[in-house]
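Okay, structure00.tsv is below, TSV, C-alpha atoms and all ligand atoms:
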chain	number	residue	atom	x	y	z
A	1	MET	CA	0.00	0.00	0.00
A	2	ASN	CA	1.44	3.41	-0.86
A	3	MET	CA	1.66	6.26	1.61
A	4	ARG	CA	-1.21	8.26	0.16
A	5	ARG	CA	-3.55	5.31	0.37
A	6	TYR	CA	-2.41	4.58	3.89
A	7	LEU	CA	-3.11	8.16	4.95
A	8	LEU	CA	-6.54	8.14	3.35
A	9	ILE	CA	-7.47	4.97	5.19
A	10	ALA	CA	-6.05	6.23	8.47
A	11	ALA	CA	-7.98	9.50	8.16
A	12	ALA	CA	-11.20	7.69	7.30
A	13	ALA	CA	-10.70	5.27	10.21
A	14	ALA	CA	-10.21	8.16	12.64
A	15	ALA	CA	-13.37	9.85	11.38
A	16	GLY	CA	-15.24	6.55	11.69
A	17	ALA	CA	-14.06	6.12	15.28
A	18	ALA	CA	-15.27	9.61	16.18
A	19	GLY	CA	-18.68	8.77	14.69
A	20	GLY	CA	-18.76	5.62	16.78
A	21	LEU	CA	-18.23	7.55	20.00
A	22	ALA	CA	-21.04	9.95	19.16
A	23	ALA	CA	-23.25	6.97	18.46
A	24	GLY	CA	-22.78	5.81	22.05
A	25	THR	CA	-24.43	8.86	23.62
A	26	ALA	CA	-28.12	9.17	24.52
A	27	THR	CA	-29.04	11.42	21.60
A	28	ALA	CA	-27.05	9.15	19.37
A	29	GLN	CA	-27.25	9.31	15.67
A	30	THR	CA	-25.33	6.79	13.64
A	31	VAL	CA	-23.78	8.34	10.54
A	32	TRP	CA	-22.82	5.97	7.77
A	33	LYS	CA	-20.26	7.22	5.31
A	34	ALA	CA	-20.96	6.64	1.65
A	35	SER	CA	-18.52	7.28	-1.14
A	36	ASP	CA	-18.49	7.62	-4.91
A	37	VAL	CA	-15.95	8.86	-7.43
A	38	HIS	CA	-18.65	10.87	-9.19
A	39	PRO	CA	-19.99	14.32	-8.22
A	40	LEU	CA	-23.27	15.25	-6.53
A	41	GLY	CA	-26.19	14.86	-8.90
A	42	TYR	CA	-24.63	11.96	-10.82
A	43	PRO	CA	-27.18	9.08	-10.97
A	44	THR	CA	-25.26	6.73	-8.67
A	45	VAL	CA	-24.65	9.48	-6.10
A	46	GLU	CA	-28.21	10.75	-6.29
A	47	ALA	CA	-29.68	7.27	-5.79
A	48	ILE	CA	-27.66	6.72	-2.60
A	49	GLU	CA	-28.53	10.19	-1.32
A	50	ARG	CA	-32.22	9.45	-1.79
A	51	MET	CA	-31.72	6.16	-0.01
A	52	GLY	CA	-30.13	8.07	2.86
A	53	LYS	CA	-33.13	10.37	3.18
A	54	LYS	CA	-35.51	7.40	3.29
A	55	LEU	CA	-33.31	5.66	5.84
A	56	GLU	CA	-33.26	8.71	8.06
A	57	ALA	CA	-37.06	9.02	7.84
A	58	ALA	CA	-37.66	5.30	8.45
A	59	THR	CA	-35.40	5.26	11.53
A	60	LYS	CA	-36.68	8.65	12.79
A	61	GLY	CA	-33.22	10.11	12.47
A	62	ARG	CA	-31.40	7.27	14.20
A	63	ILE	CA	-29.36	6.45	11.09
A	64	LYS	CA	-28.12	8.88	8.51
A	65	ILE	CA	-25.97	8.57	5.39
A	66	GLN	CA	-23.26	11.15	4.78
A	67	MET	CA	-22.16	11.19	1.15
A	68	TYR	CA	-18.52	11.83	0.22
A	69	PRO	CA	-18.69	12.35	-3.57
A	70	SER	CA	-16.09	13.31	-6.18
A	71	MET	CA	-13.28	11.05	-4.97
A	72	GLN	CA	-13.03	12.86	-1.63
A	73	LEU	CA	-12.08	9.53	-0.11
A	74	GLY	CA	-9.84	8.52	-3.00
A	75	GLY	CA	-10.34	6.27	-6.01
A	76	GLU	CA	-12.22	3.00	-6.11
A	77	LYS	CA	-9.32	0.89	-4.87
A	78	GLU	CA	-9.13	3.09	-1.78
A	79	MET	CA	-12.90	2.96	-1.33
A	80	ILE	CA	-12.88	-0.83	-1.40
A	81	GLU	CA	-10.12	-0.94	1.21
A	82	GLN	CA	-11.90	1.55	3.46
A	83	ALA	CA	-15.17	-0.38	3.26
A	84	GLN	CA	-13.32	-3.61	4.04
A	85	VAL	CA	-11.94	-2.21	7.28
A	86	GLY	CA	-15.21	-0.52	8.23
A	87	ALA	CA	-13.88	3.05	7.85
A	88	LEU	CA	-16.61	3.60	5.30
A	89	GLN	CA	-20.00	1.88	5.15
A	90	ILE	CA	-21.34	2.28	1.62
A	91	ALA	CA	-19.24	2.36	-1.54
A	92	ARG	CA	-20.39	2.45	-5.14
A	93	ILE	CA	-17.84	0.69	-7.28
A	94	SER	CA	-17.50	-0.43	-10.88
A	95	VAL	CA	-17.34	-4.19	-11.41
A	96	GLY	CA	-14.16	-3.30	-13.31
A	97	ALA	CA	-12.45	-2.42	-10.02
A	98	MET	CA	-14.00	-5.41	-8.22
A	99	GLY	CA	-12.66	-8.04	-10.64
A	100	PRO	CA	-9.28	-8.20	-8.87
A	101	VAL	CA	-11.13	-8.71	-5.53
A	102	VAL	CA	-13.63	-11.38	-6.59
A	103	ASP	CA	-12.44	-13.12	-9.74
A	104	ASP	CA	-15.86	-14.40	-10.89
A	105	LEU	CA	-16.92	-10.82	-11.57
A	106	ASN	CA	-14.37	-10.64	-14.36
A	107	VAL	CA	-16.85	-12.41	-16.64
A	108	PHE	CA	-18.65	-9.07	-16.89
A	109	ASN	CA	-15.36	-7.34	-17.62
A	110	LEU	CA	-14.73	-9.24	-20.85
A	111	PRO	CA	-14.91	-7.16	-24.04
A	112	PHE	CA	-18.20	-7.55	-25.93
A	113	VAL	CA	-19.54	-10.11	-23.46
A	114	PHE	CA	-22.97	-8.50	-23.72
A	115	ARG	CA	-24.70	-7.94	-27.05
A	116	ASP	CA	-26.02	-4.57	-25.86
A	117	GLU	CA	-27.20	-2.78	-22.73
A	118	ALA	CA	-30.59	-4.49	-22.78
A	119	HIS	CA	-28.81	-7.86	-22.72
A	120	MET	CA	-26.66	-6.75	-19.78
A	121	ARG	CA	-29.76	-5.66	-17.85
A	122	LYS	CA	-31.48	-9.00	-18.49
A	123	VAL	CA	-28.44	-10.79	-17.12
A	124	ILE	CA	-28.03	-8.71	-13.94
A	125	ASP	CA	-31.79	-8.75	-13.30
A	126	GLY	CA	-31.93	-12.53	-13.61
A	127	PRO	CA	-30.44	-15.54	-11.78
A	128	ILE	CA	-26.87	-14.87	-12.95
A	129	GLY	CA	-26.93	-11.38	-11.46
A	130	GLN	CA	-28.28	-12.74	-8.19
A	131	GLU	CA	-25.71	-15.54	-8.01
A	132	LEU	CA	-22.80	-13.18	-8.61
A	133	LEU	CA	-23.99	-10.77	-5.91
A	134	GLU	CA	-24.20	-13.64	-3.46
A	135	ARG	CA	-20.77	-14.84	-4.44
A	136	VAL	CA	-19.28	-11.44	-3.62
A	137	SER	CA	-21.13	-11.22	-0.31
A	138	THR	CA	-20.08	-14.72	0.77
A	139	SER	CA	-16.52	-14.58	-0.53
A	140	PRO	CA	-14.16	-14.52	2.48
A	141	GLN	CA	-11.76	-12.10	0.81
A	142	SER	CA	-14.31	-9.47	-0.25
A	143	LYS	CA	-15.31	-8.41	3.30
A	144	LEU	CA	-18.26	-6.68	1.61
A	145	ILE	CA	-22.01	-7.22	1.45
A	146	VAL	CA	-23.39	-6.29	-1.96
A	147	LEU	CA	-26.55	-4.23	-1.74
A	148	GLY	CA	-27.35	-4.11	-5.43
A	149	TRP	CA	-26.44	-3.39	-9.03
A	150	MET	CA	-26.26	-0.07	-10.78
A	151	ASP	CA	-26.08	0.79	-14.46
A	152	ALA	CA	-23.07	2.33	-16.16
A	153	GLY	CA	-24.00	2.06	-19.82
A	154	THR	CA	-21.49	1.42	-22.57
A	155	ARG	CA	-17.83	2.43	-22.67
A	156	ASN	CA	-16.38	4.01	-25.83
A	157	VAL	CA	-12.93	5.39	-26.60
A	158	TYR	CA	-12.27	9.13	-26.40
A	159	ALA	CA	-9.21	11.03	-27.57
A	160	ASN	CA	-8.47	13.89	-29.89
A	161	LYS	CA	-8.72	11.81	-33.03
A	162	PRO	CA	-11.12	9.10	-34.14
A	163	ALA	CA	-10.63	5.44	-33.23
A	164	THR	CA	-13.00	3.82	-35.68
A	165	LYS	CA	-10.89	0.71	-36.35
A	166	PRO	CA	-7.97	-1.07	-34.64
A	167	ALA	CA	-5.34	0.56	-36.90
A	168	ASP	CA	-6.45	4.03	-35.70
A	169	LEU	CA	-5.34	3.21	-32.16
A	170	LYS	CA	-1.80	2.33	-33.13
A	171	GLY	CA	0.69	4.10	-30.85
A	172	MET	CA	-2.04	5.68	-28.74
A	173	LYS	CA	-1.79	5.44	-24.97
A	174	ILE	CA	-5.29	4.80	-23.66
A	175	ARG	CA	-6.00	4.77	-19.95
A	176	MET	CA	-7.80	1.66	-18.73
A	177	MET	CA	-9.08	0.68	-15.28
A	178	GLY	CA	-6.56	-1.08	-13.04
A	179	ASN	CA	-7.17	-4.69	-14.03
A	180	PRO	CA	-4.79	-6.59	-16.38
A	181	LEU	CA	-7.77	-7.77	-18.39
A	182	PHE	CA	-8.52	-4.22	-19.51
A	183	VAL	CA	-4.95	-3.41	-20.48
A	184	GLU	CA	-4.89	-6.54	-22.63
A	185	THR	CA	-8.24	-5.58	-24.13
A	186	MET	CA	-6.90	-2.20	-25.24
A	187	ASN	CA	-3.71	-3.77	-26.58
A	188	ALA	CA	-5.83	-6.22	-28.57
A	189	MET	CA	-7.91	-3.32	-29.86
A	190	GLY	CA	-4.73	-1.87	-31.37
A	191	GLY	CA	-3.73	0.73	-28.77
A	192	ASN	CA	-1.41	0.78	-25.77
A	193	GLY	CA	-3.44	0.15	-22.64
A	194	VAL	CA	-2.22	2.05	-19.56
A	195	ALA	CA	-3.61	1.01	-16.16
A	196	MET	CA	-4.28	4.07	-14.04
A	197	GLY	CA	-6.50	5.06	-11.12
A	198	PHE	CA	-9.54	7.11	-12.05
A	199	ASN	CA	-8.37	9.85	-9.69
A	200	GLU	CA	-5.23	10.42	-11.78
A	201	LEU	CA	-6.94	10.43	-15.15
A	202	PHE	CA	-7.99	14.04	-15.68
A	203	GLY	CA	-4.45	15.29	-15.05
A	204	ALA	CA	-3.00	12.56	-17.26
A	205	LEU	CA	-5.28	13.58	-20.13
A	206	GLN	CA	-4.38	17.25	-19.66
A	207	THR	CA	-0.64	16.72	-19.59
A	208	GLY	CA	-0.65	14.13	-22.37
A	209	VAL	CA	0.60	11.30	-20.15
A	210	VAL	CA	-2.16	9.41	-21.96
A	211	ASP	CA	-3.73	10.23	-25.33
A	212	GLY	CA	-7.19	9.14	-24.36
A	213	ALA	CA	-9.41	6.95	-22.23
A	214	GLU	CA	-12.68	5.08	-22.52
A	215	ASN	CA	-15.91	5.49	-20.65
A	216	ASN	CA	-19.65	6.12	-20.85
A	217	PRO	CA	-21.10	9.53	-21.88
A	218	PRO	CA	-22.09	10.50	-18.30
A	219	THR	CA	-18.50	10.07	-17.09
A	220	LEU	CA	-17.04	11.91	-20.08
A	221	LEU	CA	-19.26	14.85	-19.13
A	222	ALA	CA	-19.33	14.75	-15.32
A	223	GLN	CA	-15.57	14.27	-14.94
A	224	ASN	CA	-14.88	17.10	-17.42
A	225	HIS	CA	-12.78	14.82	-19.60
A	226	TYR	CA	-14.62	16.25	-22.62
A	227	THR	CA	-12.83	19.54	-22.06
A	228	VAL	CA	-9.64	17.77	-23.08
A	229	SER	CA	-10.77	14.88	-25.33
A	230	LYS	CA	-12.99	15.96	-28.20
A	231	VAL	CA	-13.64	12.83	-30.26
A	232	TYR	CA	-15.85	10.05	-28.92
A	233	SER	CA	-15.61	6.89	-31.02
A	234	LEU	CA	-18.48	4.45	-30.47
A	235	THR	CA	-16.38	1.33	-30.01
A	236	GLY	CA	-18.82	-0.12	-27.44
A	237	HIS	CA	-16.19	-2.58	-26.25
A	238	LEU	CA	-17.25	-2.77	-22.62
A	239	ILE	CA	-20.64	-2.75	-20.91
A	240	ILE	CA	-19.76	-2.98	-17.24
A	241	PRO	CA	-22.35	-2.76	-14.50
A	242	GLU	CA	-21.55	-1.35	-11.08
A	243	ILE	CA	-22.38	-2.46	-7.57
A	244	PHE	CA	-22.95	-0.71	-4.30
A	245	VAL	CA	-21.62	-2.48	-1.28
A	246	PHE	CA	-21.79	-2.27	2.50
A	247	SER	CA	-18.86	-2.92	4.82
A	248	LYS	CA	-19.28	-6.45	6.21
A	249	ARG	CA	-17.60	-5.32	9.38
A	250	THR	CA	-20.32	-2.74	10.06
A	251	TRP	CA	-23.06	-4.98	8.64
A	252	GLU	CA	-22.40	-7.59	11.32
A	253	THR	CA	-23.09	-5.02	14.05
A	254	LEU	CA	-26.58	-4.20	12.67
A	255	SER	CA	-29.83	-5.64	13.97
A	256	ALA	CA	-31.74	-7.97	11.66
A	257	GLU	CA	-34.39	-5.25	11.29
A	258	ASP	CA	-31.86	-2.66	10.20
A	259	GLN	CA	-30.31	-5.11	7.77
A	260	ALA	CA	-33.74	-5.83	6.28
A	261	LEU	CA	-34.49	-2.11	6.01
A	262	VAL	CA	-31.19	-1.44	4.23
A	263	LYS	CA	-31.87	-4.29	1.82
A	264	LYS	CA	-35.34	-2.99	1.04
A	265	LEU	CA	-34.11	0.57	0.45
A	266	SER	CA	-31.21	-0.76	-1.63
A	267	ARG	CA	-33.61	-2.48	-3.96
A	268	GLU	CA	-35.45	0.83	-4.40
A	269	ALA	CA	-32.15	2.65	-4.95
A	270	GLN	CA	-31.19	0.18	-7.65
A	271	LEU	CA	-34.44	0.80	-9.53
A	272	GLU	CA	-34.23	4.57	-9.08
A	273	GLN	CA	-30.66	4.66	-10.31
A	274	ARG	CA	-31.66	2.96	-13.53
A	275	ALA	CA	-34.29	5.58	-14.29
A	276	LEU	CA	-31.90	8.39	-13.35
A	277	TRP	CA	-29.23	6.76	-15.51
A	278	ASP	CA	-31.32	6.65	-18.67
A	279	ALA	CA	-32.28	10.29	-18.27
A	280	TYR	CA	-28.70	11.34	-17.61
A	281	VAL	CA	-27.26	9.45	-20.60
A	282	ALA	CA	-29.63	11.40	-22.85
A	283	GLU	CA	-28.76	14.69	-21.11
A	284	ALA	CA	-25.01	14.01	-21.20
A	285	THR	CA	-25.12	13.11	-24.89
A	286	THR	CA	-26.89	16.36	-25.74
A	287	LYS	CA	-24.52	18.44	-23.59
A	288	LEU	CA	-21.39	16.78	-24.97
A	289	LYS	CA	-22.49	17.38	-28.55
A	290	ALA	CA	-23.37	20.98	-27.72
A	291	ALA	CA	-19.88	21.39	-26.25
A	292	GLY	CA	-18.36	20.30	-29.54
A	293	VAL	CA	-17.57	16.66	-28.84
A	294	LYS	CA	-17.71	14.67	-32.06
A	295	PHE	CA	-19.48	11.28	-31.81
A	296	VAL	CA	-18.19	8.93	-34.51
A	297	GLU	CA	-19.37	5.46	-35.46
A	298	ALA	CA	-16.74	2.72	-35.12
A	299	ASP	CA	-16.29	-0.66	-36.77
A	300	LYS	CA	-17.48	-2.77	-33.84
A	301	ALA	CA	-17.15	-6.01	-35.78
A	302	ALA	CA	-13.44	-5.30	-36.28
A	303	PHE	CA	-12.94	-4.56	-32.57
A	304	TYR	CA	-14.92	-7.66	-31.68
A	305	ALA	CA	-12.69	-9.82	-33.86
A	306	ALA	CA	-9.52	-8.16	-32.56
A	307	THR	CA	-10.45	-8.87	-28.94
A	308	GLN	CA	-11.24	-12.58	-29.44
A	309	PRO	CA	-7.88	-13.63	-27.90
A	310	VAL	CA	-8.84	-11.80	-24.67
A	311	ARG	CA	-12.17	-13.61	-24.46
A	312	ASP	CA	-10.40	-16.90	-25.17
A	313	LYS	CA	-7.69	-16.33	-22.56
A	314	TYR	CA	-9.85	-15.01	-19.73
A	315	GLY	CA	-13.16	-16.63	-20.65
A	316	SER	CA	-12.15	-20.29	-20.82
A	317	LYS	CA	-12.54	-20.87	-17.08
A	318	TYR	CA	-16.04	-19.38	-17.17
A	319	ALA	CA	-17.18	-21.30	-20.26
A	320	ALA	CA	-20.41	-22.53	-18.62
A	321	LEU	CA	-21.32	-19.09	-17.29
A	322	LEU	CA	-20.50	-17.43	-20.61
A	323	LYS	CA	-22.84	-19.83	-22.35
A	324	ARG	CA	-25.63	-18.97	-19.89
A	325	ILE	CA	-24.99	-15.26	-20.53
A	326	ALA	CA	-25.10	-15.75	-24.30
A	327	ASP	CA	-28.30	-17.79	-23.93
A	328	THR	CA	-30.01	-15.03	-21.93
A	329	LYS	CA	-32.48	-13.52	-24.35
B	1	LIG	C1	-16.88	5.02	-14.49
B	1	LIG	C2	-17.39	4.38	-13.25
B	1	LIG	C3	-16.45	4.64	-12.13
B	1	LIG	C4	-15.02	4.27	-12.49
B	1	LIG	C5	-14.62	4.84	-13.79
B	1	LIG	C6	-13.25	4.38	-14.25
B	1	LIG	O1	-17.75	4.67	-15.54
B	1	LIG	O2	-18.65	4.88	-12.90
B	1	LIG	O3	-16.90	3.92	-11.03
B	1	LIG	O4	-14.90	2.89	-12.54
B	1	LIG	O5	-15.58	4.56	-14.78
B	1	LIG	O6	-13.04	4.28	-15.45
B	1	LIG	O7	-12.37	4.14	-13.41
Could you quickly redo this structure as structure tokens?
Amino acid sequence: MNMRRYLLIAAAAAAGAAGGLAAGTATAQTVWKASDVHPLGYPTVEAIERMGKKLEAATKGRIKIQMYPSMQLGGEKEMIEQAQVGALQIARISVGAMGPVVDDLNVFNLPFVFRDEAHMRKVIDGPIGQELLERVSTSPQSKLIVLGWMDAGTRNVYANKPATKPADLKGMKIRMMGNPLFVETMNAMGGNGVAMGFNELFGALQTGVVDGAENNPPTLLAQNHYTVSKVYSLTGHLIIPEIFVFSKRTWETLSAEDQALVKKLSREAQLEQRALWDAYVAEATTKLKAAGVKFVEADKAAFYAATQPVRDKYGSKYAALLKRIADTK
């Protein structure tokens, strides 16, 4: 663990301990910390904030959620670590960042594993989605209870020139999430994949440490990456859902009633996020275009073919699950 991460965790743990003391007094209010890399108003953040308001109302103010948006508590790796030690209660994380923690989730991180977003939703809403959530919650190394899924649309490449076919990406350094699978995906797509924390990306785009990145339209807008990268090529190579998790350490201290309440409100948050997501994708697309970002069609078939070695390498151990995903209609 590097020093910065250590300090972030130590600071969060100290804040958590202070909250715990307050919770012991007569007028106690328990404050759960929630964290997201995105800013206030972003669908994932908004859904958890609404959940917090309902929780506060349902418990007559006994439990409250305090949101720390915009990477205030670090990137997703840091958030996972803080939730694992109980310094943070709720974290919203991409399955991309969870793959290294619970390997089974990497099935969803394979390029072009879903035909489209509707297919992805069918899969997470059905038995496969349920099984994977349970696997994360019961995995001894995760130390997390998964509360639900969230949507994150489709990821496309952005840079200052089009990437419509693999040859276009030659020599381009494209930031990918910190998971070897993604770096290999970008290399197979023709570029040079660079693993980097989300919290370092804006600066890296500005200074030219990387030539581009890949993400969904809401992220391109909300993280201001569009102010630096002006061409959005619709490669559609990844459709990665997200999860929101609760620290198992804190979870085990809750009463059965509180656990049931959190589960019920989580289900509502999941549904609300999806509606907020669809609206925000439309809004982000309009705003990006108005800001001069060029959306260009890409040769998806060529990128699909180019990434076959990645699916072969990483997918072979999940052959049965991949077949069930493909068969989900
Ligand atoms: C976004 C996602 C974040 C983070 C980010 C990234 O789409 O919402 O949680 O994973 O991508 O690329 O790191």
Exercise. With only C-alpha atoms and all ligand atoms as the atoms that count, which of A:Glu184, A:Glu242, A:Asp125, A:Glu117 lies nearest to ligand LIG 1 (chain B)?
Worked result: A:Glu242
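Surrounding residues of (-28.0, 11.4, 3.1) at most 10 Å away are Val31, Trp32, Lys33, Ala34, Val45, Glu46, Ala47, Ile48, Glu49, Arg50, Met51, Gly52, Lys53, Lys54, Leu55, Glu56, Ile63, Lys64, Ile65, Gln66, Met67 and Tyr68 of chain A (based on all atoms listed in the file).
Nearest-residue note for Val95 (chain A): choosing from A:Asn109, A:Gln223, A:Gln141, A:Gln130, the minimum distance belongs to A:Asn109, counting only C-alpha atoms.
Using only C-alpha atoms for every distance, the candidate list A:Leu254, A:Val310, A:Val101, A:Leu220 yields A:Val101 as the residue closest to Ser139 (chain A).
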Exercise. For ligand LIG 1 (chain B), which residue out of A:Met172, A:Leu181, A:Met98, A:Leu147 is the nearest one, using all atoms listed in the file?
Worked result: A:Met98
With 6 Å of padding per side, what axis-aligned box (centre and edge lengths, Å, one decimal) covers all the listed atoms of region 309-321 of chain A? Give it as lines of an AutoDock Vina configuration file.
center_x = -14.5
center_y = -17.2
center_z = -22.5
size_x = 25.6
size_y = 22.7
size_z = 22.8
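The interatomic distance for the pair CA of Ile239 (chain A) and CA of Tyr318 (chain A) works out to 17.7 Å.
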Exercise. Within 8 Å of Lys329 (chain A), counting only C-alpha atoms, which residues qualify if same-chain residues fewer than 3 places away don't, as a list in words?
Worked result: His119, Lys122 and Ala326 of chain A
Could you save those same residues with C-alpha atoms as a PDB file, in the frame of the given file?
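Output contents, as saved in again26.pdb:
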ATOM      1  CA  HIS A 119     -28.810  -7.860 -22.720  1.00  0.00           C
ATOM      2  CA  LYS A 122     -31.480  -9.000 -18.490  1.00  0.00           C
ATOM      3  CA  ALA A 326     -25.100 -15.750 -24.300  1.00  0.00           C
TER       4      ALA A 326
END
Exercise. Near region 302-306 of chain A, within 7 Å and counting only C-alpha atoms, which residues show up once chain neighbours fewer than 5 positions away are dropped, as a ChimeraX atom specification?
Worked result: /A:112,165-166,188-189
Against ligand LIG 1 (chain B), which residues of chain A fall within 10 Å? For each one I want the closest pair of atoms and the distance in Å (one decimal), counting all atoms listed in the file, rows by chain and increasing residue number, as a tab-separated table.
residue	atom	partner	partner_atom	distance
A:Asp36	CA	B:LIG1	O3	7.3
A:Val37	CA	B:LIG1	O3	6.2
A:His38	CA	B:LIG1	O2	7.0
A:Tyr42	CA	B:LIG1	O2	9.5
A:Pro43	CA	B:LIG1	O2	9.7
A:Thr44	CA	B:LIG1	O2	8.1
A:Gly75	CA	B:LIG1	O7	8.0
A:Glu76	CA	B:LIG1	O3	6.9
A:Lys77	CA	B:LIG1	O7	9.6
A:Ala91	CA	B:LIG1	O3	9.9
A:Arg92	CA	B:LIG1	O3	7.0
A:Ile93	CA	B:LIG1	O3	5.0
A:Ser94	CA	B:LIG1	O3	4.4
A:Val95	CA	B:LIG1	O4	7.6
A:Gly96	CA	B:LIG1	O4	6.3
A:Ala97	CA	B:LIG1	O4	6.4
A:Met98	CA	B:LIG1	O4	9.4
A:Met150	CA	B:LIG1	O2	9.3
A:Asp151	CA	B:LIG1	O2	8.6
A:Ala152	CA	B:LIG1	O1	5.8
A:Gly153	CA	B:LIG1	O1	8.0
A:Thr154	CA	B:LIG1	O1	8.6
A:Arg155	CA	B:LIG1	O1	7.5
A:Arg175	CA	B:LIG1	O6	8.4
A:Met176	CA	B:LIG1	O6	6.7
A:Met177	CA	B:LIG1	O7	5.1
A:Gly178	CA	B:LIG1	O7	7.8
A:Ala195	CA	B:LIG1	O7	9.7
A:Met196	CA	B:LIG1	O7	8.1
A:Gly197	CA	B:LIG1	O7	6.4
A:Phe198	CA	B:LIG1	O7	4.3
A:Asn199	CA	B:LIG1	O7	7.9
A:Glu200	CA	B:LIG1	O7	9.6
A:Leu201	CA	B:LIG1	O7	8.5
A:Ala213	CA	B:LIG1	O6	8.1
A:Glu214	CA	B:LIG1	O6	7.1
A:Asn215	CA	B:LIG1	O1	5.5
A:Asn216	CA	B:LIG1	O1	5.8
A:Pro217	CA	B:LIG1	O1	8.7
A:Pro218	CA	B:LIG1	O1	7.8
A:Thr219	CA	B:LIG1	O1	5.7
A:Leu220	CA	B:LIG1	O1	8.6
A:Gln223	CA	B:LIG1	C1	9.4
A:Ile239	CA	B:LIG1	O1	9.6
A:Ile240	CA	B:LIG1	O1	8.1
A:Pro241	CA	B:LIG1	O2	8.6
A:Glu242	CA	B:LIG1	O3	7.0
A:Ile243	CA	B:LIG1	O3	9.1
Dump of C-alpha atoms for the selected residues, as a short mmCIF file (atom, residue, chain, number, x, y, z; two decimals), in the frame of the given file:
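In the end it all went to out.cif:
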data_model
loop_
_atom_site.label_atom_id
_atom_site.label_comp_id
_atom_site.auth_asym_id
_atom_site.auth_seq_id
_atom_site.Cartn_x
_atom_site.Cartn_y
_atom_site.Cartn_z
CA ASP A 36 -18.49 7.62 -4.91
CA VAL A 37 -15.95 8.86 -7.43
CA HIS A 38 -18.65 10.87 -9.19
CA TYR A 42 -24.63 11.96 -10.82
CA PRO A 43 -27.18 9.08 -10.97
CA THR A 44 -25.26 6.73 -8.67
CA GLY A 75 -10.34 6.27 -6.01
CA GLU A 76 -12.22 3.00 -6.11
CA LYS A 77 -9.32 0.89 -4.87
CA ALA A 91 -19.24 2.36 -1.54
CA ARG A 92 -20.39 2.45 -5.14
CA ILE A 93 -17.84 0.69 -7.28
CA SER A 94 -17.50 -0.43 -10.88
CA VAL A 95 -17.34 -4.19 -11.41
CA GLY A 96 -14.16 -3.30 -13.31
CA ALA A 97 -12.45 -2.42 -10.02
CA MET A 98 -14.00 -5.41 -8.22
CA MET A 150 -26.26 -0.07 -10.78
CA ASP A 151 -26.08 0.79 -14.46
CA ALA A 152 -23.07 2.33 -16.16
CA GLY A 153 -24.00 2.06 -19.82
CA THR A 154 -21.49 1.42 -22.57
CA ARG A 155 -17.83 2.43 -22.67
CA ARG A 175 -6.00 4.77 -19.95
CA MET A 176 -7.80 1.66 -18.73
CA MET A 177 -9.08 0.68 -15.28
CA GLY A 178 -6.56 -1.08 -13.04
CA ALA A 195 -3.61 1.01 -16.16
CA MET A 196 -4.28 4.07 -14.04
CA GLY A 197 -6.50 5.06 -11.12
CA PHE A 198 -9.54 7.11 -12.05
CA ASN A 199 -8.37 9.85 -9.69
CA GLU A 200 -5.23 10.42 -11.78
CA LEU A 201 -6.94 10.43 -15.15
CA ALA A 213 -9.41 6.95 -22.23
CA GLU A 214 -12.68 5.08 -22.52
CA ASN A 215 -15.91 5.49 -20.65
CA ASN A 216 -19.65 6.12 -20.85
CA PRO A 217 -21.10 9.53 -21.88
CA PRO A 218 -22.09 10.50 -18.30
CA THR A 219 -18.50 10.07 -17.09
CA LEU A 220 -17.04 11.91 -20.08
CA GLN A 223 -15.57 14.27 -14.94
CA ILE A 239 -20.64 -2.75 -20.91
CA ILE A 240 -19.76 -2.98 -17.24
CA PRO A 241 -22.35 -2.76 -14.50
CA GLU A 242 -21.55 -1.35 -11.08
CA ILE A 243 -22.38 -2.46 -7.57
#
